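Undergrad: Take a look at coords.txt, compact mmCIF, C-alpha atoms:
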```txt
# COMPACT_ATOMS: atom_id res chain seq x y z
CA MET Y 633 58.75 -65.42 -61.74
CA MET Y 634 58.58 -66.67 -58.13
CA ILE Y 635 57.31 -70.10 -57.10
CA PRO Y 636 53.49 -69.95 -56.78
CA VAL Y 637 52.25 -69.91 -53.18
CA ARG Y 638 49.77 -72.73 -53.74
CA CYS Y 639 49.33 -75.68 -56.04
CA PHE Y 640 47.20 -74.60 -59.03
CA THR Y 641 45.06 -77.73 -58.88
CA CYS Y 642 44.48 -78.69 -55.27
CA GLY Y 643 45.40 -75.52 -53.39
CA LYS Y 644 48.02 -77.01 -51.07
CA PRO Y 645 50.55 -74.38 -50.00
CA ILE Y 646 53.76 -75.48 -51.75
CA GLY Y 647 55.78 -72.24 -51.92
CA SER Y 648 57.91 -73.06 -48.90
CA TYR Y 649 59.15 -76.35 -50.39
CA TYR Y 650 60.84 -74.92 -53.49
CA TYR Y 651 64.12 -73.63 -52.05
CA LYS Y 652 64.46 -76.73 -49.85
CA PHE Y 653 63.93 -78.94 -52.90
CA VAL Y 654 66.46 -77.08 -55.06
CA GLU Y 655 69.07 -77.12 -52.32
CA ARG Y 656 68.73 -80.84 -51.64
CA VAL Y 657 68.75 -81.81 -55.32
CA LYS Y 658 71.87 -79.70 -55.90
CA ARG Y 659 73.53 -81.62 -53.08
CA GLY Y 660 72.95 -84.77 -55.12
CA GLU Y 661 69.78 -86.28 -53.66
CA ASP Y 662 67.27 -88.07 -55.87
CA PRO Y 663 64.43 -85.62 -56.76
CA GLU Y 664 61.78 -88.32 -56.34
CA ARG Y 665 62.95 -89.13 -52.83
CA VAL Y 666 63.11 -85.44 -51.90
CA LEU Y 667 59.50 -84.85 -53.04
CA ASP Y 668 58.31 -87.89 -51.06
CA ASP Y 669 60.23 -86.67 -48.05
CA LEU Y 670 58.72 -83.17 -48.27
CA GLY Y 671 55.26 -84.76 -48.17
CA LEU Y 672 54.15 -83.93 -51.71
CA LYS Y 673 52.00 -86.96 -52.49
CA ARG Y 674 49.85 -85.85 -55.40
CA TYR Y 675 51.28 -85.32 -58.87
CA CYS Y 676 49.63 -81.89 -59.14
CA CYS Y 677 51.77 -80.57 -56.28
CA ARG Y 678 54.88 -82.41 -57.48
CA ARG Y 679 54.73 -80.81 -60.93
CA MET Y 680 54.53 -77.34 -59.35
CA ILE Y 681 58.00 -77.87 -57.86
CA ILE Y 682 59.59 -79.90 -60.68
CA SER Y 683 58.51 -77.64 -63.53
CA HIS Y 684 59.16 -74.28 -61.92
CA VAL Y 685 61.82 -71.95 -63.36
CA ASP Y 686 62.76 -69.15 -61.00
CA LEU Y 687 63.03 -66.27 -63.46
CA ILE Y 688 63.08 -63.41 -60.96
CA ASP Y 689 66.88 -63.31 -60.99
CA GLU Y 690 66.73 -62.31 -64.67
CA VAL Y 691 64.66 -59.18 -64.00
CA ILE Y 692 65.79 -58.29 -60.51
CA LYS Y 693 68.51 -55.97 -61.83
CA PHE Y 694 65.80 -53.60 -63.05
CA SER Y 695 63.90 -51.53 -60.51
CA ARG Y 696 60.47 -49.96 -60.55
CA LYS Y 697 59.97 -46.46 -59.28
CA GLY Y 698 58.85 -47.01 -55.68
CA MET J 1087 25.56 -94.19 -37.84
CA LYS J 1088 29.02 -95.26 -36.77
CA ILE J 1089 32.20 -93.18 -37.11
CA GLU J 1090 35.74 -94.45 -36.82
CA VAL J 1091 38.89 -92.32 -37.13
CA LEU J 1092 41.47 -94.13 -39.25
CA GLN J 1093 44.27 -91.62 -39.42
CA ARG J 1094 44.92 -88.24 -37.88
CA ASN J 1095 47.72 -85.70 -37.81
CA ASP J 1096 48.17 -81.90 -37.87
CA LEU J 1097 46.96 -81.53 -41.43
CA GLU J 1098 45.00 -84.63 -42.29
CA LEU J 1099 42.01 -86.51 -40.94
CA VAL J 1100 40.79 -89.80 -42.41
CA PHE J 1101 37.60 -91.28 -41.00
CA LYS J 1102 35.07 -93.94 -41.86
CA VAL J 1103 31.33 -93.39 -41.56
CA GLU J 1104 28.85 -96.23 -41.75
CA GLY J 1105 25.16 -95.80 -42.46
CA LEU J 1106 25.18 -92.61 -44.54
CA LYS J 1107 23.55 -91.80 -47.88
CA THR J 1108 25.60 -90.39 -50.77
CA GLY J 1109 23.60 -87.15 -50.80
CA TYR J 1110 24.43 -86.41 -47.18
CA ALA J 1111 28.10 -87.30 -47.63
CA ASN J 1112 28.33 -85.01 -50.65
CA ALA J 1113 26.60 -82.14 -48.87
CA LEU J 1114 29.14 -82.40 -46.06
CA ARG J 1115 32.05 -82.51 -48.52
CA ARG J 1116 30.83 -79.49 -50.44
CA ILE J 1117 30.33 -77.46 -47.27
CA MET J 1118 33.83 -78.36 -46.06
CA ILE J 1119 35.27 -77.09 -49.35
CA SER J 1120 33.24 -73.95 -49.94
CA GLU J 1121 31.59 -72.73 -46.77
CA VAL J 1122 33.88 -73.21 -43.78
CA PRO J 1123 35.24 -69.72 -43.00
CA VAL J 1124 38.95 -68.97 -42.58
CA LEU J 1125 41.06 -65.83 -42.39
CA ALA J 1126 42.94 -64.61 -45.46
CA ILE J 1127 44.49 -61.32 -46.50
CA ASP J 1128 41.79 -59.39 -48.32
CA GLU J 1129 43.04 -55.83 -48.57
CA VAL J 1130 46.61 -54.61 -49.04
CA ILE J 1131 47.67 -51.01 -48.58
CA ILE J 1132 50.97 -50.61 -50.41
CA HIS J 1133 53.03 -47.67 -49.19
CA LYS J 1134 56.14 -48.51 -51.13
CA ASN J 1135 56.99 -51.20 -53.67
CA SER J 1136 60.11 -50.88 -55.77
CA SER J 1137 60.44 -54.64 -56.31
CA VAL J 1138 60.10 -56.11 -59.81
CA MET J 1139 56.71 -57.57 -58.94
CA TYR J 1140 53.59 -55.55 -59.73
CA ASP J 1141 51.40 -54.52 -56.80
CA GLU J 1142 48.50 -56.68 -58.01
CA ILE J 1143 50.58 -59.86 -58.22
CA LEU J 1144 52.12 -59.11 -54.84
CA ALA J 1145 48.66 -58.67 -53.31
CA LEU J 1146 47.42 -61.93 -54.87
CA ARG J 1147 50.39 -63.83 -53.46
CA LEU J 1148 49.78 -62.35 -50.01
CA GLY J 1149 46.14 -63.37 -50.19
CA LEU J 1150 47.01 -66.99 -50.86
CA ILE J 1151 49.18 -67.35 -47.74
CA PRO J 1152 47.22 -69.47 -45.22
CA ILE J 1153 46.72 -67.75 -41.87
CA LYS J 1154 46.07 -69.45 -38.53
CA THR J 1155 42.43 -68.92 -37.67
CA ASP J 1156 40.52 -68.98 -34.41
CA LEU J 1157 36.85 -69.16 -35.36
CA GLU J 1158 35.69 -68.42 -31.82
CA ARG J 1159 37.17 -64.93 -31.92
CA PHE J 1160 36.20 -63.58 -35.32
CA VAL J 1161 33.00 -62.65 -37.13
CA PHE J 1162 32.35 -61.75 -40.76
CA GLN J 1163 32.90 -58.07 -41.45
CA GLU J 1164 29.39 -57.70 -42.96
CA GLU J 1165 27.85 -59.08 -39.75
CA CYS J 1166 30.11 -57.20 -37.34
CA ASP J 1167 28.81 -54.51 -34.95
CA CYS J 1168 31.28 -52.02 -36.46
CA LYS J 1169 29.20 -52.08 -39.67
CA GLY J 1170 32.10 -52.94 -41.93
CA ARG J 1171 34.42 -50.19 -40.77
CA GLY J 1172 36.92 -52.71 -39.41
CA CYS J 1173 37.57 -53.55 -35.76
CA PRO J 1174 39.60 -56.16 -33.84
CA LEU J 1175 36.60 -58.53 -34.00
CA CYS J 1176 36.48 -58.72 -37.77
CA GLN J 1177 39.95 -57.94 -39.10
CA VAL J 1178 43.64 -58.31 -38.29
CA SER J 1179 46.33 -55.99 -39.56
CA LEU J 1180 49.72 -57.39 -40.59
CA THR J 1181 52.61 -55.18 -41.65
CA LEU J 1182 55.54 -56.03 -43.85
CA ASN J 1183 58.62 -53.85 -44.22
CA LYS J 1184 61.77 -55.10 -45.89
CA ARG J 1185 64.73 -53.75 -47.79
CA GLY J 1186 66.76 -55.77 -50.27
CA PRO J 1187 68.82 -57.61 -51.18
CA GLY J 1188 67.16 -60.83 -50.05
CA VAL J 1189 63.99 -62.89 -50.17
CA VAL J 1190 60.89 -61.70 -48.35
CA TYR J 1191 59.22 -64.62 -46.55
CA SER J 1192 55.78 -64.93 -45.00
CA GLY J 1193 57.57 -65.06 -41.64
CA ASP J 1194 58.60 -61.40 -42.08
CA PHE J 1195 55.03 -60.29 -41.39
CA ILE J 1196 54.51 -58.48 -38.12
CA SER J 1197 50.99 -59.13 -36.88
CA GLU J 1198 49.11 -56.90 -34.43
CA ASP J 1199 47.71 -60.12 -32.97
CA LYS J 1200 50.22 -62.68 -31.69
CA GLU J 1201 48.01 -65.68 -32.49
CA ILE J 1202 46.97 -64.63 -35.98
CA VAL J 1203 50.11 -65.29 -38.03
CA PRO J 1204 50.91 -67.12 -41.30
CA VAL J 1205 50.79 -70.90 -40.91
CA ASP J 1206 54.19 -71.37 -42.54
CA ASP J 1207 56.88 -68.71 -42.17
CA GLN J 1208 59.00 -70.07 -45.03
CA ILE J 1209 56.76 -69.15 -47.98
CA PRO J 1210 58.70 -66.89 -50.37
CA ILE J 1211 56.74 -63.78 -51.36
CA VAL J 1212 59.17 -61.79 -53.50
CA LYS J 1213 62.91 -61.50 -54.05
CA LEU J 1214 64.37 -58.03 -53.62
CA GLY J 1215 67.43 -56.69 -55.38
CA GLU J 1216 69.96 -54.18 -54.11
CA GLY J 1217 68.14 -51.10 -52.80
CA GLN J 1218 64.65 -52.40 -53.55
CA GLU J 1219 62.11 -52.02 -50.83
CA ILE J 1220 58.57 -53.02 -49.89
CA GLU J 1221 56.46 -51.42 -47.23
CA LEU J 1222 52.83 -52.49 -46.86
CA GLU J 1223 49.94 -53.16 -44.56
CA ALA J 1224 47.68 -56.16 -45.12
CA LEU J 1225 44.23 -56.70 -43.64
CA ALA J 1226 43.11 -60.27 -43.02
CA ARG J 1227 39.39 -61.01 -42.89
CA LEU J 1228 37.07 -63.98 -42.63
CA GLY J 1229 35.67 -65.30 -45.87
CA ARG J 1230 34.31 -68.40 -47.57
CA GLY J 1231 35.83 -70.64 -50.22
CA LYS J 1232 32.93 -70.07 -52.61
CA GLU J 1233 33.95 -66.42 -52.89
CA HIS J 1234 37.68 -66.93 -53.48
CA ALA J 1235 39.96 -69.97 -53.24
CA LYS J 1236 42.18 -68.16 -50.71
CA TRP J 1237 39.40 -68.69 -48.14
CA GLN J 1238 39.19 -72.42 -48.77
CA ALA J 1239 39.90 -74.36 -45.57
CA THR J 1240 40.77 -77.65 -47.29
CA ASN J 1241 43.19 -78.63 -50.07
CA SER J 1242 42.02 -82.05 -50.96
CA CYS J 1243 38.71 -83.05 -49.45
CA SER J 1244 37.13 -86.22 -50.73
CA TYR J 1245 35.18 -89.33 -49.87
CA LYS J 1246 34.96 -92.79 -51.36
CA ASN J 1247 32.72 -95.73 -50.70
CA VAL J 1248 34.18 -98.44 -48.50
CA PRO J 1249 35.62 -101.05 -50.87
CA LEU J 1250 34.88 -104.74 -50.43
CA ILE J 1251 36.46 -107.64 -52.27
CA GLY J 1252 34.38 -110.73 -52.96
CA ILE J 1253 36.31 -113.96 -53.38
CA ASP J 1254 34.72 -117.22 -54.53
CA ARG J 1255 36.93 -119.67 -52.67
CA GLU J 1256 35.48 -122.72 -54.40
CA SER J 1257 36.41 -121.70 -57.93
CA CYS J 1258 39.72 -119.92 -57.02
CA ASP J 1259 42.67 -122.08 -58.10
CA LEU J 1260 45.33 -119.88 -56.37
CA CYS J 1261 47.07 -119.03 -59.65
CA GLY J 1262 48.31 -115.72 -58.18
CA ASP J 1263 47.57 -113.59 -61.27
CA CYS J 1264 45.41 -111.17 -59.28
CA VAL J 1265 48.12 -110.81 -56.60
CA GLU J 1266 50.58 -109.63 -59.28
CA ARG J 1267 48.19 -107.34 -61.15
CA CYS J 1268 46.89 -105.45 -58.10
CA PRO J 1269 48.49 -101.96 -58.26
CA LYS J 1270 48.08 -101.41 -54.52
CA LYS J 1271 49.50 -104.84 -53.65
CA ILE J 1272 46.79 -105.68 -51.14
CA LEU J 1273 46.29 -109.32 -52.10
CA GLU J 1274 48.36 -112.22 -50.83
CA ILE J 1275 48.30 -116.01 -50.91
CA ARG J 1276 48.92 -117.31 -47.43
CA ASP J 1277 48.44 -120.91 -46.23
CA GLU J 1278 46.85 -122.02 -49.53
CA LYS J 1279 44.31 -119.22 -49.30
CA LEU J 1280 43.83 -115.89 -51.08
CA ILE J 1281 43.57 -113.14 -48.50
CA VAL J 1282 43.08 -109.36 -48.60
CA LYS J 1283 45.61 -107.50 -46.45
CA ASP J 1284 44.18 -103.97 -46.31
CA VAL J 1285 40.82 -103.67 -48.04
CA LEU J 1286 40.57 -99.91 -47.43
CA LYS J 1287 43.48 -99.29 -49.80
CA CYS J 1288 41.55 -100.82 -52.71
CA THR J 1289 40.71 -98.26 -55.42
CA LEU J 1290 38.13 -100.51 -57.14
CA CYS J 1291 40.20 -100.53 -60.34
CA LYS J 1292 39.02 -104.09 -61.13
CA GLU J 1293 42.47 -105.20 -62.34
CA CYS J 1294 42.14 -108.32 -60.18
CA SER J 1295 38.85 -109.42 -61.71
CA GLU J 1296 40.25 -108.80 -65.21
CA ALA J 1297 43.29 -110.92 -64.39
CA CYS J 1298 41.15 -113.77 -63.09
CA GLU J 1299 40.08 -116.18 -65.82
CA LEU J 1300 37.74 -118.01 -63.48
CA ASP J 1301 35.83 -114.89 -62.30
CA ALA J 1302 36.58 -115.85 -58.73
CA ILE J 1303 37.33 -112.33 -57.51
CA ILE J 1304 35.11 -109.25 -57.77
CA PRO J 1305 35.71 -105.92 -56.01
CA PHE J 1306 32.59 -103.95 -55.14
CA HIS J 1307 31.64 -101.23 -52.69
CA ASP J 1308 29.35 -100.63 -49.75
CA LYS J 1309 26.86 -97.97 -50.90
CA GLU J 1310 26.19 -96.69 -47.41
CA SER J 1311 29.68 -96.48 -45.94
CA PHE J 1312 32.20 -93.79 -46.72
CA ILE J 1313 35.83 -93.00 -46.10
CA PHE J 1314 36.37 -89.26 -45.82
CA LYS J 1315 39.78 -87.71 -46.31
CA VAL J 1316 40.04 -84.11 -45.16
CA GLU J 1317 43.28 -82.26 -45.70
CA SER J 1318 43.63 -78.82 -44.12
CA THR J 1319 45.72 -75.93 -45.44
CA GLY J 1320 46.87 -75.43 -41.86
CA SER J 1321 44.53 -72.53 -41.03
CA LEU J 1322 42.21 -74.76 -39.04
CA GLU J 1323 42.70 -78.19 -37.54
CA PRO J 1324 41.13 -80.83 -39.81
CA GLU J 1325 38.65 -81.96 -37.15
CA VAL J 1326 37.53 -78.34 -36.66
CA ILE J 1327 36.71 -78.19 -40.38
CA VAL J 1328 34.46 -81.26 -40.13
CA ILE J 1329 32.76 -80.00 -36.96
CA LYS J 1330 32.18 -76.54 -38.42
CA ALA J 1331 30.84 -78.02 -41.67
CA SER J 1332 28.33 -80.13 -39.72
CA GLU J 1333 27.20 -77.06 -37.80
CA ILE J 1334 26.70 -75.11 -41.04
CA LEU J 1335 24.65 -78.00 -42.47
CA GLU J 1336 22.54 -78.04 -39.31
CA GLU J 1337 21.95 -74.28 -39.52
CA LYS J 1338 20.87 -74.60 -43.14
CA ALA J 1339 18.39 -77.35 -42.27
CA GLU J 1340 17.00 -75.30 -39.37
CA GLU J 1341 16.61 -72.23 -41.55
CA PHE J 1342 14.77 -74.31 -44.14
CA LEU J 1343 12.42 -75.69 -41.52
CA ARG J 1344 11.72 -72.22 -40.12
CA GLU J 1345 10.99 -70.71 -43.53
CA LEU J 1346 8.85 -73.68 -44.53
CA LYS J 1347 6.73 -73.40 -41.39
CA ALA J 1348 6.31 -69.65 -41.92
CA ALA J 1349 5.34 -70.16 -45.55
CA ILE J 1350 2.73 -72.79 -44.69
CA GLU J 1351 1.24 -70.62 -41.98
CA GLY J 1352 1.23 -67.64 -44.34
CA THR J 1353 -0.91 -69.40 -46.91
CA GLY J 1354 -3.42 -70.41 -44.25
CA VAL J 1355 -3.78 -73.93 -45.65
```
So, in terms of structure tokens, how does the structure I just supplied come out?
TA:
Amino acid sequence: MMIPVRCFTCGKPIGSYYYKFVERVKRGEDPERVLDDLGLKRYCCRRMIISHVDLIDEVIKFSRKG
Amino acid sequence: MKIEVLQRNDLELVFKVEGLKTGYANALRRIMISEVPVLAIDEVIIHKNSSVMYDEILALRLGLIPIKTDLERFVFQEECDCKGRGCPLCQVSLTLNKRGPGVVYSGDFISEDKEIVPVDDQIPIVKLGEGQEIELEALARLGRGKEHAKWQATNSCSYKNVPLIGIDRESCDLCGDCVERCPKKILEIRDEKLIVKDVLKCTLCKECSEACELDAIIPFHDKESFIFKVESTGSLEPEVIVIKASEILEEKAEEFLRELKAAIEGTGV
């Protein structure tokens, strides 16, 4: 639904990188270069960002009773 | 024992230790991972949550946010004088109130303590739609990584033996095969001589010795020297993690000695 706060494997906090990554890739930058630039060295952290699908926009139109 | 710091920044510390046995190095590594205490959100009181995320998932996400920790100021709640009721010495309260539309970030937390705040204020917690609202209070407490991963002070914490590369200069014919095969590109032929540029980067993959038909190059390691790499989540400085881990190891050894002495005296032998 939302990007996980930490990498599943190593525990590095990666949540804050997702929106930055999406924005820069949309602007036409090379995803590999962006990941390097953000400081994601290990492939466990890199896959968290690359493979994430932000599905919350699909369900956000429904509300729970508060 | 000799220690040399190779690399150091806000989140990472790389250091070399000479004259250490594997058992000791591993004990230190395991303590750094599972026993160095840090603050993390442990209890969440949800007053209002009309977002699409269930309370439990929301609370889990809040728990995983790393929080800046000052180990001098806090004690474990079980060991606190307040007997677990909660006081400024053992817990910090953070409140979060936000109304949609928009993304709630970790930076939206209002802490009762100015120094105890999330490490990164850009971590998305939940996205709110039109009219959706969250209102909650979170209590951060000290804990250990062995209880829950949210209290783990390190991300990646590892050691490796110091690599060494043995070259037999008499049989080496400078064919250059090993220079090409090395995945870390640390070998070079300079002035009619095979040299190693940065031996610490070697991963001991043995590609070079497989490439060499004359068996003139063999990578091996020093069994009593280690390179430690400690990466912090940001809650504590990496050097604080190493110092604290050493102190915990010392305490454990002292406790063992005390108990052993008492046990021997008790038997009257």
Undergrad: Considering only C-alpha atoms, can you say which of J:Val1091, J:Ile1196, J:Cys1268, J:Ala1113 comes closest to Ile1313 of chain J?
TA: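 The answer is J:Val1091, which sits nearest to Ile1313 of chain J.
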Undergrad: Between J:Asn1247, J:Asp1308, J:Glu1256, J:Asn1095, single out the one closest to Asn1112 of chain J, counting only C-alpha atoms.
TA: J:Asn1247
Undergrad: Distance atom CA of Thr1108 of chain J-atom CA of Pro1324 of chain J, one decimal place?
TA: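 That distance, rounded to one decimal, is 21.3 Å.
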Undergrad: Hey, could you make a per-residue contact list for segment 1172-1258 of chain J against segment 1274-1286 of chain J with 7 Å as the cut-off, showing the nearest pair of atoms and its distance in Å to one decimal, counting all atoms listed in the file, sorted by chain and number, as a tab-separated table?
TA:
```
residue	atom	partner	partner_atom	distance
J:Val1248	CA	J:Leu1286	CA	6.6
J:Pro1249	CA	J:Leu1286	CA	6.1
J:Leu1250	CA	J:Val1285	CA	6.5
```
Undergrad: Using only C-alpha atoms for the distances, tell me which of J:Gly1170, J:Gly1186, J:Gly1105, J:Gly1215 is nearest to chain Y.
TA: J:Gly1215
Undergrad: Set the cut-off to 8 Å and count only C-alpha atoms: what are the residues of chain J that reach chain Y? Output as a PyMOL selection string.
TA: chain J and resi 1134-1138+1147+1150-1152+1206+1208-1215+1218-1219+1235+1240-1242+1319
Undergrad: Between atom CA of Cys1176 of chain J and atom CA of Phe1162 of chain J, what is the spacing in Å?
TA: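 Computing it gives 5.9 Å between the two atoms.
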